[in-house]
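Engineer: Below is a structure I'd like to ask you about.
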Amino acid sequence: MIDHARDLVSVREATEKLLTAAAKLDNASAAEPSRLPGWSRGHVLAHLARNADALVNVLEGRPMYVSATARDADIERDAPRPLDVQLTDVRDSGARFQETGAAPADWSRTVELRNGVTDAAARVPFRRWVEVELHHVDLGIGYELEDLPTEFMEREIDFLAERFTGHPDVPSARLTDGTRVWSTGREAGTPEVTVRGSAPDLLGWLAGRRDGSALTAQGGMLPSLPPL
């Protein structure tokens, strides 16, 4: 069962950790490329702030973004700002998300995110946790997938494996880190391929952060995954 209140605490802790690390940057290093193609670190920070406000919209029953074009324009507008302005925005928007999350609500209701995707309201805090943790890694400032909390890593692998389950273009696959097992891909009586590797490498591959070269595939080639 999803514990949204517990996830809100995890979001707050992850946000503070990111802000503490990012505060060691300066304006020049904030303008340098992040690990996301075409995005500076400023783009990542701007996206984190605007995503927090977008998820407030979701929880309050409004469209997540006015449009995809407006979302991208807001990030481009905010990316060049001085570091102190960026960090204040991430902190303040995160506080607005926490305030909305603390308000009495029916957490069993269904909410709509981008591109017609729907989910339980109770999972929105976890989705925000994903944004904060993975984009902290994307900043490229010393926080790696191996540093992610164990609970987060397991749940995000669960979430991404489920996301690709039934996808006709992804072979039926069994994923394992040697201790836990996940399944994903199209329907099949038996898995077409078994993918083995560490939890960080499995997560990196599923989330599009690593190319999967550290993984081993038995029974076939490592599946190519569609964009998230």
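The way I read the labels, and the way they are meant: chains A, B, ... in the order of the structure tokens, residue 1 as the first residue of every chain, and ligand 1 as the first ligand shown, with later ones counted on from there.
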Give me, as a PyMOL selection string, the residues of chain A that a backbone DSSP run labels helix (DSSP H, G or I).

Structural biologist: chain A and resi 4-22+27-30+41-59+68-78+83-102+114-116+121-138+145-147+150-164+199-206

Engineer: Excluding region 124-130 of chain A and any residue of its chain fewer than 5 positions from it, enumerate the residues within 7 Å of it, using only C-alpha atoms, and give them as a ChimeraX atom specification.

Structural biologist: /A:4,7-8,10-11

Engineer: Give the answer as one residue: which of A:Val44, A:Ala30, A:Leu134, A:Ile141 has the shortest atom-to-atom distance to Leu203 (chain A), using only C-alpha atoms?

Structural biologist: A:Leu134

Engineer: Env of region 208-225 of chain A: 8 Å cut, atoms = only C-alpha atoms, seq-sep filter 3 positions within chain, self excluded. Answer as a list in words.

Structural biologist: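 Here the answer would be Val170, Pro171, Glu192, Val193, Thr194, Val195, Arg196, Gly197, Ser198, Asp201, Leu202, Gly204, Trp205 and Leu228 of chain A.
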
Engineer: Name the residues in contact with Asp158 (chain A) at a cut-off of 10 Å, using only C-alpha atoms, excluding same-chain residues fewer than 2 positions from it; report them as a list in words.

Structural biologist: Phe152, Met153, Glu154, Arg155, Glu156, Leu160, Ala161, Glu162, Arg163, Val181, Trp182, Ser183, Thr184 and Leu203 of chain A

Engineer: Might you pull out every residue within 8 Å of region 59-62 of chain A, with only C-alpha atoms counted and same-chain residues fewer than 3 positions away left off, and present them as a CSV table (one decimal) with N, CA and C atoms, in the first residue's frame?

Structural biologist:
```
chain,number,residue,atom,x,y,z
A,55,LEU,N,3.1,19.5,-10.3
A,55,LEU,CA,2.5,18.5,-9.5
A,55,LEU,C,1.5,19.0,-8.4
A,56,VAL,N,1.7,20.3,-8.0
A,56,VAL,CA,0.7,21.0,-7.2
A,56,VAL,C,-0.5,21.1,-8.1
A,100,THR,N,0.8,21.5,-0.2
A,100,THR,CA,-0.4,20.9,-0.9
A,100,THR,C,-0.5,19.4,-0.5
A,101,GLY,N,0.6,18.7,-0.3
A,101,GLY,CA,0.6,17.3,0.1
A,101,GLY,C,0.1,17.1,1.5
A,111,VAL,N,-5.7,10.9,-10.6
A,111,VAL,CA,-5.3,12.2,-11.1
A,111,VAL,C,-4.7,12.0,-12.5
A,121,ALA,N,-3.6,9.5,-6.8
A,121,ALA,CA,-3.0,10.7,-6.2
A,121,ALA,C,-2.0,10.3,-5.2
A,124,VAL,N,1.7,10.4,-6.4
A,124,VAL,CA,2.3,11.6,-6.8
A,124,VAL,C,3.5,12.0,-6.0
```

Engineer: Compare A:Ile157, A:Ala5, A:Ala46, A:Val132 by their minimum atom-to-atom distance to Ala105 (chain A), counting only C-alpha atoms, and give me the closest one.

Structural biologist: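 Under the stated criterion, the closest residue is A:Ala5.
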
Engineer: What does the distance from CA of Leu83 (chain A) to CA of Asp26 (chain A) come to in Å, to one decimal?

Structural biologist: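 Separation of CA of Leu83 (chain A) and CA of Asp26 (chain A): 6.4 Å.
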
Engineer: Using only C-alpha atoms, which of the listed residues (A:Ala73, A:Ala52, A:Met64, A:Leu113) sits closest to Thr15 (chain A)?

Structural biologist: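 Closest to Thr15 (chain A), using only C-alpha atoms: A:Ala52.
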
Engineer: Excluding His136 (chain A) and residues on its chain fewer than 4 positions from it, collect all residues at most 12 Å away from it, counting only C-alpha atoms, and give them as a PyMOL selection string.

Structural biologist: chain A and resi 14-22+34-36+41+44-45+47-48+129-132+140-145+147-148

Engineer: I'd like to know which of A:Asn27, A:Thr150, A:Thr190, A:Asn115 is closest to Ala68 (chain A), using only C-alpha atoms.

Structural biologist: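 With only C-alpha atoms as the atom set, the closest residue is A:Asn115.
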
Engineer: Using Å and a single decimal, report how far CA of Met1 (chain A) sits from CA of Arg50 (chain A).

Structural biologist: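 Here the two named atoms are 28.3 Å from each other.
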
Engineer: State, in Å with one decimal place, the distance from CA of Asn51 (chain A) to CA of Arg6 (chain A).

Structural biologist: 19.9 Å
